[in-house]
Amino acid sequence: MTVVDGKNLQMKAENVAEMIVELKIEKDFIAVVKNGKIVPRTRWDTESVEKDDVFEIFSPVSGG
């Protein structure tokens, strides 16, 4: 299973862009980390989602 934010999920998505849609996450203000490495937004369409991958999805935090 693919792990997303600590949860084991059965994903149908084949790439990061599809995963974001499948998870119903607003894509405008997030960063995606796959297996400990940031996935640039320009590679979301080509970066694969495999069953043993571990993803963390972050959104910016404002404050000061």
# chains A, B, ... in the order shown; residues from 1 in each chain; ligands from 1

call {"tool": "residues_around", "arguments": {"residues": "region 53-59 of chain A", "least_positions_apart": "4", "cutoff": "10 Å", "atoms": "only C-alpha atoms", "output": "ChimeraX atom specification"}}
result
/A:1-8,16,20,25-39,48-49

call {"tool": "residues_around", "arguments": {"residues": "Met11 (chain A)", "least_positions_apart": "2", "cutoff": "9 Å", "atoms": "only C-alpha atoms", "output": "number ranges by chain"}}
result
A: 1-2, 9, 13-14, 19, 22, 49-51

call {"tool": "select_by_dssp", "arguments": {"residues": "chain A", "states": "strand (DSSP E or B)", "output": "ChimeraX atom specification"}}
result
/A:2-4,7-9,15,31-34,37-39,48,54-58

call {"tool": "select_by_dssp", "arguments": {"residues": "chain A", "states": "helix (DSSP H, G or I)", "output": "MDAnalysis selection string"}}
result
chainID A and resid 16:22 41:43

call {"tool": "write_last_selection", "arguments": {"atoms": "C-alpha atoms", "output": "tab-separated table (two decimals), in the first residue's frame"}}
result
chain	number	residue	atom	x	y	z
A	16	VAL	CA	1.44	12.47	-8.20
A	17	ALA	CA	-0.96	14.77	-10.09
A	18	GLU	CA	-3.59	12.02	-10.19
A	19	MET	CA	-2.98	11.24	-6.51
A	20	ILE	CA	-3.70	14.86	-5.54
A	21	VAL	CA	-6.99	14.70	-7.47
A	22	GLU	CA	-7.89	11.31	-5.99
A	41	ARG	CA	5.45	20.61	-9.18
A	42	THR	CA	6.82	20.40	-12.72
A	43	ARG	CA	7.23	16.62	-12.26

call {"tool": "decode", "arguments": {"residues": "region 22-55 of chain A", "atoms": "N, CA and C atoms", "output": "PDB file, in the first residue's frame"}}
result
ATOM      1  N   GLU A  22      -7.221  12.415  -6.664  1.00  0.00           N
ATOM      2  CA  GLU A  22      -7.895  11.305  -5.985  1.00  0.00           C
ATOM      3  C   GLU A  22      -8.116  11.597  -4.506  1.00  0.00           C
ATOM      4  N   LEU A  23      -7.157  12.276  -3.886  1.00  0.00           N
ATOM      5  CA  LEU A  23      -7.274  12.616  -2.469  1.00  0.00           C
ATOM      6  C   LEU A  23      -8.119  13.866  -2.221  1.00  0.00           C
ATOM      7  N   LYS A  24      -8.537  14.525  -3.309  1.00  0.00           N
ATOM      8  CA  LYS A  24      -9.348  15.745  -3.233  1.00  0.00           C
ATOM      9  C   LYS A  24      -8.659  16.834  -2.422  1.00  0.00           C
ATOM     10  N   ILE A  25      -7.383  17.061  -2.750  1.00  0.00           N
ATOM     11  CA  ILE A  25      -6.577  18.077  -2.080  1.00  0.00           C
ATOM     12  C   ILE A  25      -6.432  19.270  -3.008  1.00  0.00           C
ATOM     13  N   GLU A  26      -6.599  20.465  -2.466  1.00  0.00           N
ATOM     14  CA  GLU A  26      -6.387  21.694  -3.241  1.00  0.00           C
ATOM     15  C   GLU A  26      -4.894  21.792  -3.561  1.00  0.00           C
ATOM     16  N   LYS A  27      -4.551  21.779  -4.835  1.00  0.00           N
ATOM     17  CA  LYS A  27      -3.155  21.682  -5.240  1.00  0.00           C
ATOM     18  C   LYS A  27      -2.381  22.995  -5.268  1.00  0.00           C
ATOM     19  N   ASP A  28      -3.057  24.112  -5.142  1.00  0.00           N
ATOM     20  CA  ASP A  28      -2.391  25.393  -5.341  1.00  0.00           C
ATOM     21  C   ASP A  28      -1.317  25.707  -4.303  1.00  0.00           C
ATOM     22  N   PHE A  29      -1.508  25.305  -3.075  1.00  0.00           N
ATOM     23  CA  PHE A  29      -0.581  25.722  -2.023  1.00  0.00           C
ATOM     24  C   PHE A  29      -0.057  24.538  -1.220  1.00  0.00           C
ATOM     25  N   ILE A  30       0.431  23.503  -1.933  1.00  0.00           N
ATOM     26  CA  ILE A  30       0.974  22.351  -1.232  1.00  0.00           C
ATOM     27  C   ILE A  30       2.351  21.989  -1.778  1.00  0.00           C
ATOM     28  N   ALA A  31       3.078  21.237  -0.981  1.00  0.00           N
ATOM     29  CA  ALA A  31       4.333  20.630  -1.404  1.00  0.00           C
ATOM     30  C   ALA A  31       4.190  19.133  -1.183  1.00  0.00           C
ATOM     31  N   VAL A  32       4.779  18.350  -2.066  1.00  0.00           N
ATOM     32  CA  VAL A  32       4.696  16.894  -1.972  1.00  0.00           C
ATOM     33  C   VAL A  32       6.104  16.332  -1.790  1.00  0.00           C
ATOM     34  N   VAL A  33       6.231  15.467  -0.786  1.00  0.00           N
ATOM     35  CA  VAL A  33       7.492  14.782  -0.527  1.00  0.00           C
ATOM     36  C   VAL A  33       7.256  13.296  -0.749  1.00  0.00           C
ATOM     37  N   LYS A  34       8.097  12.701  -1.595  1.00  0.00           N
ATOM     38  CA  LYS A  34       7.995  11.265  -1.891  1.00  0.00           C
ATOM     39  C   LYS A  34       9.266  10.586  -1.401  1.00  0.00           C
ATOM     40  N   ASN A  35       9.083   9.647  -0.497  1.00  0.00           N
ATOM     41  CA  ASN A  35      10.223   8.883   0.024  1.00  0.00           C
ATOM     42  C   ASN A  35      11.356   9.799   0.507  1.00  0.00           C
ATOM     43  N   GLY A  36      10.970  10.896   1.163  1.00  0.00           N
ATOM     44  CA  GLY A  36      11.950  11.809   1.757  1.00  0.00           C
ATOM     45  C   GLY A  36      12.502  12.877   0.838  1.00  0.00           C
ATOM     46  N   LYS A  37      12.049  12.929  -0.419  1.00  0.00           N
ATOM     47  CA  LYS A  37      12.552  13.933  -1.360  1.00  0.00           C
ATOM     48  C   LYS A  37      11.391  14.743  -1.920  1.00  0.00           C
ATOM     49  N   ILE A  38      11.586  16.061  -1.993  1.00  0.00           N
ATOM     50  CA  ILE A  38      10.557  16.945  -2.545  1.00  0.00           C
ATOM     51  C   ILE A  38      10.363  16.631  -4.030  1.00  0.00           C
ATOM     52  N   VAL A  39       9.103  16.551  -4.434  1.00  0.00           N
ATOM     53  CA  VAL A  39       8.770  16.355  -5.848  1.00  0.00           C
ATOM     54  C   VAL A  39       8.385  17.714  -6.413  1.00  0.00           C
ATOM     55  N   PRO A  40       9.202  18.279  -7.304  1.00  0.00           N
ATOM     56  CA  PRO A  40       8.857  19.576  -7.894  1.00  0.00           C
ATOM     57  C   PRO A  40       7.518  19.494  -8.624  1.00  0.00           C
ATOM     58  N   ARG A  41       6.766  20.544  -8.535  1.00  0.00           N
ATOM     59  CA  ARG A  41       5.447  20.614  -9.177  1.00  0.00           C
ATOM     60  C   ARG A  41       5.536  20.296 -10.679  1.00  0.00           C
ATOM     61  N   THR A  42       6.642  20.651 -11.292  1.00  0.00           N
ATOM     62  CA  THR A  42       6.821  20.395 -12.724  1.00  0.00           C
ATOM     63  C   THR A  42       6.916  18.911 -13.048  1.00  0.00           C
ATOM     64  N   ARG A  43       7.131  18.060 -12.036  1.00  0.00           N
ATOM     65  CA  ARG A  43       7.228  16.615 -12.257  1.00  0.00           C
ATOM     66  C   ARG A  43       6.014  15.847 -11.747  1.00  0.00           C
ATOM     67  N   TRP A  44       5.003  16.509 -11.248  1.00  0.00           N
ATOM     68  CA  TRP A  44       3.832  15.812 -10.715  1.00  0.00           C
ATOM     69  C   TRP A  44       3.167  14.915 -11.749  1.00  0.00           C
ATOM     70  N   ASP A  45       3.163  15.314 -13.022  1.00  0.00           N
ATOM     71  CA  ASP A  45       2.517  14.517 -14.070  1.00  0.00           C
ATOM     72  C   ASP A  45       3.322  13.274 -14.438  1.00  0.00           C
ATOM     73  N   THR A  46       4.613  13.275 -14.138  1.00  0.00           N
ATOM     74  CA  THR A  46       5.465  12.160 -14.541  1.00  0.00           C
ATOM     75  C   THR A  46       5.998  11.339 -13.371  1.00  0.00           C
ATOM     76  N   GLU A  47       5.902  11.854 -12.163  1.00  0.00           N
ATOM     77  CA  GLU A  47       6.404  11.141 -10.978  1.00  0.00           C
ATOM     78  C   GLU A  47       5.411  10.053 -10.580  1.00  0.00           C
ATOM     79  N   SER A  48       5.841   8.810 -10.646  1.00  0.00           N
ATOM     80  CA  SER A  48       4.941   7.681 -10.417  1.00  0.00           C
ATOM     81  C   SER A  48       4.555   7.515  -8.947  1.00  0.00           C
ATOM     82  N   VAL A  49       3.430   6.851  -8.749  1.00  0.00           N
ATOM     83  CA  VAL A  49       2.956   6.459  -7.426  1.00  0.00           C
ATOM     84  C   VAL A  49       2.990   4.937  -7.391  1.00  0.00           C
ATOM     85  N   GLU A  50       3.877   4.391  -6.559  1.00  0.00           N
ATOM     86  CA  GLU A  50       4.039   2.942  -6.451  1.00  0.00           C
ATOM     87  C   GLU A  50       3.513   2.476  -5.095  1.00  0.00           C
ATOM     88  N   LYS A  51       3.231   1.189  -4.984  1.00  0.00           N
ATOM     89  CA  LYS A  51       2.584   0.666  -3.782  1.00  0.00           C
ATOM     90  C   LYS A  51       3.415   0.831  -2.512  1.00  0.00           C
ATOM     91  N   ASP A  52       4.723   0.883  -2.594  1.00  0.00           N
ATOM     92  CA  ASP A  52       5.548   1.001  -1.392  1.00  0.00           C
ATOM     93  C   ASP A  52       6.040   2.431  -1.134  1.00  0.00           C
ATOM     94  N   ASP A  53       5.561   3.398  -1.895  1.00  0.00           N
ATOM     95  CA  ASP A  53       5.985   4.789  -1.706  1.00  0.00           C
ATOM     96  C   ASP A  53       5.393   5.375  -0.426  1.00  0.00           C
ATOM     97  N   VAL A  54       6.140   6.316   0.142  1.00  0.00           N
ATOM     98  CA  VAL A  54       5.677   7.048   1.319  1.00  0.00           C
ATOM     99  C   VAL A  54       5.636   8.524   0.946  1.00  0.00           C
ATOM    100  N   PHE A  55       4.453   9.124   1.058  1.00  0.00           N
ATOM    101  CA  PHE A  55       4.260  10.529   0.713  1.00  0.00           C
ATOM    102  C   PHE A  55       3.891  11.352   1.941  1.00  0.00           C
TER     103      PHE A  55
END
